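K.L.:
Structure below; questions to follow.
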Amino acid sequence: MAVDIMRRRRTDRARQVADVLRHQIVAGDFADGALPGEDDLGAEFAVSRNTVREALSLLRGEGLVDRTPGLGTTTCGEKYPHGLHRLMGLNETLHEHGTVANEVRAAELIDPPTWVGRRLCTTDRVVYIERIRSLNGVPLSLDLTYLPRAVGEPLLDEDLANRDIFVLLEGITGQKLGTADLTLEAVNADAHSASLLGTQDNAALLMLERLTHLADGTPVDLESIRFRGDRLAMRAQLERR
């Protein structure tokens, strides 16, 4: 029993160490890409070398670090911060980290599923747009977007490969976007989504459903977005009122 307790405690501590290091990697604290040595990490966190190794193995399994004999541990997969406290498109959010590009896989007028029509408050046909969105050539998300016909059809003539739909919508409607209702949950990548996003089957994805309204309250954009969990970290600043 004592051995089991000690193993559990080491596993718990390894997870705690990995969580702190993950936050540091996302924040860019290791500017040169090199993590401190095992002895230094053990001293900082007051844990054994075995605990440090277990923590680094967790991060390696997430694709965040690489461990090379003689070279130590280095970061190999950058995570980008995606804010949830402001209503912005992906290019507006990540422009300082590089170039966002969109592969438009579909852009067409369709008969909406009942659920889509209900969320967009329309019985008319809707515009459906499907895109793979990448940063610096690395796929980040698979976006499925539904828009009311009145605002969606003009979008079909716009540069969807290089511009955010949010920015285009404000130009078409002459209104600012107002609020959005969103749900964020964890899902596993199915084989098709994994192939499109360049990740493994059953890889962790962040699934965001967002219904965006114009400033006057009109629902204008319904999205289901699958984000790669190994490349994006969701952030928000919350206030207790």
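By convention here, the chains of the structure tokens are called A, B, ... in the order presented, each chain's residues are numbered starting at 1, and ligands are numbered starting at 1 in the order presented.
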Could you pull the residues within 12 Å of A:Pro154, counting only C-alpha atoms, minus those fewer than 3 positions along the same chain, as a list of chain:residue names?

P.N.:
A:Ala107, A:Glu108, A:Leu109, A:Val126, A:Val127, A:Leu147, A:Pro148, A:Arg149, A:Ala150, A:Val151, A:Asp157, A:Glu158, A:Asp159, A:Leu160, A:Ile165, A:Leu168, A:Leu169, A:Glu170, A:Gly171, A:Ile172, A:Thr173

K.L.:
Pick out the residues sitting within 10 Å of A:Val167, and hand them over as a list in words; count only C-alpha atoms, and ignore anything fewer than 6 positions along from it in its own chain.

P.N.:
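The residues that qualify are Met88, Gly89, Asn91, Glu92, Lys176 and Leu177 of chain A.
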
K.L.:
Extract, using only C-alpha atoms, all DNA, RNA and protein residues at most 7 Å from A:Ala14, discarding same-chain residues fewer than 5 positions from it, and format them as a PyMOL selection string.

P.N.:
chain A and resi 51-52+54-55

K.L.:
For A:Leu120, which of A:Ile132, A:Ala233, A:Leu211, A:Val20 is the closest residue, counting only C-alpha atoms?

P.N.:
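Of the candidates, the smallest distance to A:Leu120 is held by A:Leu211.
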
K.L.:
Can you measure atom CA of A:Thr93 to atom CA of A:Leu155 for me? One decimal in Å is fine.

P.N.:
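Result for atom CA of A:Thr93 versus atom CA of A:Leu155: 20.8 Å, one decimal.
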
K.L.:
With only C-alpha atoms as the counted atoms, please give the residues lying no more than 6 Å from stretch 216-228 of chain A, apart from itself and same-chain residues fewer than 4 positions off, as a list in words.

P.N.:
Leu120, Leu140, Ser141, Leu142, Asp143, Leu144, Thr145, Tyr146, Leu147, Leu205, Leu206, Met207, Leu208, Glu209, Arg210, Leu211 and Thr212 of chain A

K.L.:
So that I have them on file, write out the residues from the current selection with all heavy atoms, as a compact mmCIF listing (two decimals), in the first residue's frame.

P.N.:
# COMPACT_ATOMS: atom_id res chain seq x y z
N LEU A 120 -30.41 30.75 -36.40
CA LEU A 120 -30.25 31.98 -37.18
C LEU A 120 -31.57 32.71 -37.41
O LEU A 120 -31.61 33.74 -38.09
CB LEU A 120 -29.62 31.65 -38.54
CG LEU A 120 -28.15 31.21 -38.50
CD1 LEU A 120 -27.68 30.80 -39.89
CD2 LEU A 120 -27.25 32.32 -37.94
N LEU A 140 -4.67 24.86 -37.87
CA LEU A 140 -5.09 25.15 -36.50
C LEU A 140 -6.54 24.76 -36.25
O LEU A 140 -6.89 24.32 -35.16
CB LEU A 140 -4.92 26.64 -36.18
CG LEU A 140 -3.52 27.20 -36.08
CD1 LEU A 140 -3.58 28.67 -35.68
CD2 LEU A 140 -2.68 26.41 -35.09
N SER A 141 -7.40 24.96 -37.26
CA SER A 141 -8.82 24.73 -37.00
C SER A 141 -9.56 24.34 -38.27
O SER A 141 -9.14 24.66 -39.39
CB SER A 141 -9.48 25.97 -36.39
OG SER A 141 -9.54 27.03 -37.32
N LEU A 142 -10.68 23.66 -38.06
CA LEU A 142 -11.64 23.35 -39.11
C LEU A 142 -12.93 24.07 -38.75
O LEU A 142 -13.55 23.79 -37.74
CB LEU A 142 -11.87 21.84 -39.18
CG LEU A 142 -12.96 21.34 -40.13
CD1 LEU A 142 -12.66 21.73 -41.57
CD2 LEU A 142 -13.15 19.83 -40.00
N ASP A 143 -13.30 25.05 -39.59
CA ASP A 143 -14.44 25.93 -39.30
C ASP A 143 -15.60 25.62 -40.22
O ASP A 143 -15.46 25.65 -41.45
CB ASP A 143 -14.04 27.40 -39.51
CG ASP A 143 -12.98 27.88 -38.54
OD1 ASP A 143 -12.27 27.03 -37.98
OD2 ASP A 143 -12.86 29.10 -38.36
N LEU A 144 -16.77 25.37 -39.64
CA LEU A 144 -18.01 25.22 -40.39
C LEU A 144 -18.90 26.40 -40.02
O LEU A 144 -19.26 26.57 -38.86
CB LEU A 144 -18.70 23.90 -40.02
CG LEU A 144 -17.84 22.63 -39.99
CD1 LEU A 144 -18.71 21.42 -39.69
CD2 LEU A 144 -17.10 22.44 -41.29
N THR A 145 -19.25 27.21 -41.01
CA THR A 145 -19.95 28.47 -40.76
C THR A 145 -21.25 28.53 -41.54
O THR A 145 -21.28 28.19 -42.74
CB THR A 145 -19.07 29.67 -41.16
OG1 THR A 145 -17.82 29.59 -40.47
CG2 THR A 145 -19.75 30.98 -40.82
N TYR A 146 -22.33 28.97 -40.87
CA TYR A 146 -23.64 29.17 -41.51
C TYR A 146 -24.03 30.63 -41.35
O TYR A 146 -23.91 31.19 -40.26
CB TYR A 146 -24.70 28.28 -40.85
CG TYR A 146 -24.41 26.80 -40.91
CD1 TYR A 146 -23.66 26.18 -39.91
CD2 TYR A 146 -24.88 26.01 -41.96
CE1 TYR A 146 -23.40 24.82 -39.95
CE2 TYR A 146 -24.62 24.64 -42.01
CZ TYR A 146 -23.88 24.06 -41.00
OH TYR A 146 -23.62 22.71 -41.05
N LEU A 147 -24.51 31.23 -42.43
CA LEU A 147 -24.89 32.65 -42.41
C LEU A 147 -26.23 32.84 -43.10
O LEU A 147 -26.53 32.18 -44.09
CB LEU A 147 -23.84 33.50 -43.12
CG LEU A 147 -22.40 33.34 -42.63
CD1 LEU A 147 -21.56 32.68 -43.71
CD2 LEU A 147 -21.80 34.67 -42.25
N LEU A 205 -9.20 17.80 -29.33
CA LEU A 205 -9.61 19.02 -30.01
C LEU A 205 -10.45 19.86 -29.06
O LEU A 205 -11.10 19.33 -28.16
CB LEU A 205 -10.44 18.71 -31.26
CG LEU A 205 -9.82 17.83 -32.35
CD1 LEU A 205 -10.82 17.64 -33.48
CD2 LEU A 205 -8.52 18.42 -32.88
N LEU A 206 -10.43 21.17 -29.28
CA LEU A 206 -11.34 22.07 -28.59
C LEU A 206 -12.46 22.40 -29.56
O LEU A 206 -12.22 22.91 -30.65
CB LEU A 206 -10.62 23.34 -28.17
CG LEU A 206 -9.49 23.17 -27.15
CD1 LEU A 206 -8.71 24.47 -26.99
CD2 LEU A 206 -10.04 22.72 -25.80
N MET A 207 -13.68 22.08 -29.17
CA MET A 207 -14.84 22.30 -30.02
C MET A 207 -15.60 23.53 -29.54
O MET A 207 -16.11 23.57 -28.42
CB MET A 207 -15.77 21.08 -29.98
CG MET A 207 -16.98 21.20 -30.87
SD MET A 207 -16.56 21.00 -32.61
CE MET A 207 -18.20 20.87 -33.31
N LEU A 208 -15.64 24.56 -30.39
CA LEU A 208 -16.31 25.80 -30.02
C LEU A 208 -17.53 26.00 -30.91
O LEU A 208 -17.42 25.96 -32.13
CB LEU A 208 -15.35 26.99 -30.17
CG LEU A 208 -15.87 28.36 -29.70
CD1 LEU A 208 -14.72 29.17 -29.11
CD2 LEU A 208 -16.48 29.14 -30.87
N GLU A 209 -18.67 26.19 -30.28
CA GLU A 209 -19.89 26.58 -31.00
C GLU A 209 -20.16 28.03 -30.64
O GLU A 209 -20.21 28.40 -29.46
CB GLU A 209 -21.08 25.73 -30.59
CG GLU A 209 -22.37 26.13 -31.31
CD GLU A 209 -23.60 25.65 -30.58
OE1 GLU A 209 -23.68 24.45 -30.29
OE2 GLU A 209 -24.45 26.50 -30.25
N ARG A 210 -20.31 28.87 -31.67
CA ARG A 210 -20.46 30.31 -31.42
C ARG A 210 -21.56 30.88 -32.33
O ARG A 210 -21.53 30.69 -33.53
CB ARG A 210 -19.14 31.03 -31.68
CG ARG A 210 -19.20 32.55 -31.46
CD ARG A 210 -17.79 33.14 -31.49
NE ARG A 210 -17.12 32.89 -32.77
CZ ARG A 210 -15.81 33.04 -32.95
NH1 ARG A 210 -15.03 33.42 -31.95
NH2 ARG A 210 -15.27 32.81 -34.13
N LEU A 211 -22.51 31.55 -31.71
CA LEU A 211 -23.54 32.26 -32.45
C LEU A 211 -23.31 33.75 -32.23
O LEU A 211 -23.44 34.26 -31.11
CB LEU A 211 -24.94 31.87 -31.96
CG LEU A 211 -26.11 32.63 -32.60
CD1 LEU A 211 -26.16 32.37 -34.11
CD2 LEU A 211 -27.43 32.24 -31.95
N THR A 212 -22.97 34.45 -33.30
CA THR A 212 -22.62 35.87 -33.22
C THR A 212 -23.77 36.73 -33.71
O THR A 212 -24.43 36.40 -34.70
CB THR A 212 -21.35 36.15 -34.06
OG1 THR A 212 -20.29 35.33 -33.56
CG2 THR A 212 -20.94 37.61 -33.97

K.L.:
Show which residues sit within 10 Å of A:Gly137, as a list in words. Count only C-alpha atoms, and ignore same-chain residues fewer than 3 positions away.

P.N.:
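Listed by chain and then number, they are Gly98, Thr99, Val100, Ala101, Asn102, Arg133, Ser134 and Leu140 of chain A.
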
K.L.:
Skipping near chain neighbours, those fewer than 5 positions away, what residues fall within 12 Å of A:Leu238 using only C-alpha atoms, listed as a count of residues only?

P.N.:
4

K.L.:
Name the residues of stretch 1-225 of chain A that fall into alpha helix (DSSP H) according to DSSP on the backbone, using the chain letters and numbers of this document, as a ChimeraX atom specification.

P.N.:
/A:2-27,38-45,49-61,90-94,114-120,149-155,165-173,191-197

K.L.:
If you measure from atom CA of A:Val17 to atom CA of A:His97, what distance in Å do you get, rounded to one decimal?

P.N.:
26.7 Å

K.L.:
Using only C-alpha atoms, which protein or nucleic acid residues come within 12 Å of stretch 63-68 of chain A? Drop anything in the same chain fewer than 2 positions from it, and give the result as a VMD selection string.

P.N.:
chain A and resid 18 to 19 21 to 26 30 33 to 38 53 55 to 61 70 to 80 199 to 200 203 to 204 228 to 232

K.L.:
Using only C-alpha atoms, find the one residue out of A:Asp4, A:Arg9, A:Ile110, A:Ser195 that sits nearest to A:Arg125.

P.N.:
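Checking each of A:Asp4, A:Arg9, A:Ile110, A:Ser195 against A:Arg125, counting only C-alpha atoms, the winner is A:Ile110.
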
K.L.:
When you draw a straight line from atom CA of A:Gly174 to atom CA of A:His213, how long is it in Å?

P.N.:
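That distance, rounded to one decimal, is 13.3 Å.
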
K.L.:
Which of stretch 14-169 of chain A end up as strand (DSSP E) when DSSP is run on this backbone - answer as a ChimeraX atom specification?

P.N.:
/A:65-68,72-75,80-83,100-110,126-135,138-148

K.L.:
Those same residues, written as a short mmCIF file (atom, residue, chain, number, x, y, z; two decimals), in the first residue's frame with N, CA and C atoms?

P.N.:
data_model
loop_
_atom_site.label_atom_id
_atom_site.label_comp_id
_atom_site.auth_asym_id
_atom_site.auth_seq_id
_atom_site.Cartn_x
_atom_site.Cartn_y
_atom_site.Cartn_z
N VAL A 65 7.27 19.25 -26.16
CA VAL A 65 8.72 19.23 -25.99
C VAL A 65 9.31 18.01 -26.68
N ASP A 66 10.60 18.10 -26.90
CA ASP A 66 11.36 16.98 -27.44
C ASP A 66 12.56 16.76 -26.53
N ARG A 67 12.89 15.51 -26.27
CA ARG A 67 14.00 15.20 -25.37
C ARG A 67 15.08 14.47 -26.17
N THR A 68 16.27 15.08 -26.24
CA THR A 68 17.37 14.53 -27.01
C THR A 68 18.56 14.28 -26.10
N GLY A 72 19.34 17.76 -23.95
CA GLY A 72 18.33 18.13 -22.97
C GLY A 72 16.94 18.21 -23.58
N THR A 73 16.08 18.99 -22.95
CA THR A 73 14.68 19.11 -23.35
C THR A 73 14.44 20.47 -23.99
N THR A 74 13.85 20.45 -25.17
CA THR A 74 13.56 21.69 -25.90
C THR A 74 12.11 21.72 -26.33
N THR A 75 11.58 22.92 -26.46
CA THR A 75 10.21 23.06 -26.96
C THR A 75 10.19 22.75 -28.45
N TYR A 80 -0.50 28.74 -29.25
CA TYR A 80 -0.82 30.15 -29.42
C TYR A 80 -2.01 30.52 -28.54
N PRO A 81 -1.96 31.67 -27.88
CA PRO A 81 -3.07 32.09 -27.03
C PRO A 81 -4.24 32.63 -27.86
N HIS A 82 -5.43 32.14 -27.56
CA HIS A 82 -6.65 32.59 -28.26
C HIS A 82 -7.59 33.17 -27.21
N GLY A 83 -7.75 34.48 -27.22
CA GLY A 83 -8.58 35.13 -26.21
C GLY A 83 -10.06 34.88 -26.41
N VAL A 100 -2.05 34.08 -41.06
CA VAL A 100 -3.21 33.19 -41.07
C VAL A 100 -3.70 33.03 -42.49
N ALA A 101 -3.88 31.79 -42.93
CA ALA A 101 -4.38 31.50 -44.27
C ALA A 101 -5.57 30.57 -44.16
N ASN A 102 -6.49 30.68 -45.10
CA ASN A 102 -7.71 29.88 -45.09
C ASN A 102 -7.80 29.05 -46.37
N GLU A 103 -7.96 27.75 -46.21
CA GLU A 103 -8.28 26.90 -47.36
C GLU A 103 -9.80 26.73 -47.39
N VAL A 104 -10.43 27.33 -48.37
CA VAL A 104 -11.89 27.27 -48.47
C VAL A 104 -12.28 25.96 -49.14
N ARG A 105 -12.93 25.07 -48.38
CA ARG A 105 -13.30 23.76 -48.89
C ARG A 105 -14.72 23.75 -49.44
N ALA A 106 -15.53 24.68 -48.99
CA ALA A 106 -16.91 24.79 -49.49
C ALA A 106 -17.41 26.19 -49.25
N ALA A 107 -18.19 26.71 -50.19
CA ALA A 107 -18.84 28.02 -50.05
C ALA A 107 -20.06 27.98 -50.96
N GLU A 108 -21.23 27.75 -50.37
CA GLU A 108 -22.40 27.49 -51.19
C GLU A 108 -23.69 27.82 -50.45
N LEU A 109 -24.75 27.92 -51.22
CA LEU A 109 -26.10 28.16 -50.68
C LEU A 109 -26.76 26.81 -50.47
N ILE A 110 -27.30 26.58 -49.26
CA ILE A 110 -27.88 25.28 -48.94
C ILE A 110 -29.22 25.47 -48.22
N VAL A 126 -29.52 29.23 -46.48
CA VAL A 126 -28.39 29.88 -45.81
C VAL A 126 -27.12 29.59 -46.60
N VAL A 127 -26.11 30.40 -46.33
CA VAL A 127 -24.80 30.17 -46.94
C VAL A 127 -23.95 29.35 -45.98
N TYR A 128 -23.35 28.30 -46.54
CA TYR A 128 -22.47 27.42 -45.77
C TYR A 128 -21.04 27.59 -46.26
N ILE A 129 -20.11 27.84 -45.33
CA ILE A 129 -18.70 28.01 -45.66
C ILE A 129 -17.88 27.08 -44.77
N GLU A 130 -17.02 26.30 -45.38
CA GLU A 130 -16.14 25.40 -44.64
C GLU A 130 -14.69 25.75 -44.97
N ARG A 131 -13.89 25.95 -43.92
CA ARG A 131 -12.49 26.35 -44.11
C ARG A 131 -11.56 25.60 -43.17
N ILE A 132 -10.36 25.32 -43.66
CA ILE A 132 -9.26 24.90 -42.81
C ILE A 132 -8.39 26.13 -42.62
N ARG A 133 -8.15 26.50 -41.37
CA ARG A 133 -7.43 27.72 -41.07
C ARG A 133 -6.06 27.37 -40.49
N SER A 134 -5.03 27.98 -41.05
CA SER A 134 -3.66 27.65 -40.69
C SER A 134 -2.90 28.90 -40.26
N LEU A 135 -1.90 28.69 -39.41
CA LEU A 135 -0.99 29.76 -39.02
C LEU A 135 0.42 29.33 -39.39
N VAL A 138 0.74 25.78 -40.60
CA VAL A 138 0.33 24.68 -39.72
C VAL A 138 -1.17 24.76 -39.48
N PRO A 139 -1.94 23.71 -39.81
CA PRO A 139 -3.39 23.74 -39.59
C PRO A 139 -3.73 23.94 -38.12
N LEU A 140 -4.67 24.86 -37.87
CA LEU A 140 -5.09 25.15 -36.50
C LEU A 140 -6.54 24.76 -36.25
N SER A 141 -7.40 24.96 -37.26
CA SER A 141 -8.82 24.73 -37.00
C SER A 141 -9.56 24.34 -38.27
N LEU A 142 -10.68 23.66 -38.06
CA LEU A 142 -11.64 23.35 -39.11
C LEU A 142 -12.93 24.07 -38.75
N ASP A 143 -13.30 25.05 -39.59
CA ASP A 143 -14.44 25.93 -39.30
C ASP A 143 -15.60 25.62 -40.22
N LEU A 144 -16.77 25.37 -39.64
CA LEU A 144 -18.01 25.22 -40.39
C LEU A 144 -18.90 26.40 -40.02
N THR A 145 -19.25 27.21 -41.01
CA THR A 145 -19.95 28.47 -40.76
C THR A 145 -21.25 28.53 -41.54
N TYR A 146 -22.33 28.97 -40.87
CA TYR A 146 -23.64 29.17 -41.51
C TYR A 146 -24.03 30.63 -41.35
N LEU A 147 -24.51 31.23 -42.43
CA LEU A 147 -24.89 32.65 -42.41
C LEU A 147 -26.23 32.84 -43.10
N PRO A 148 -27.07 33.79 -42.60
CA PRO A 148 -28.32 34.10 -43.29
C PRO A 148 -28.03 34.52 -44.73
#
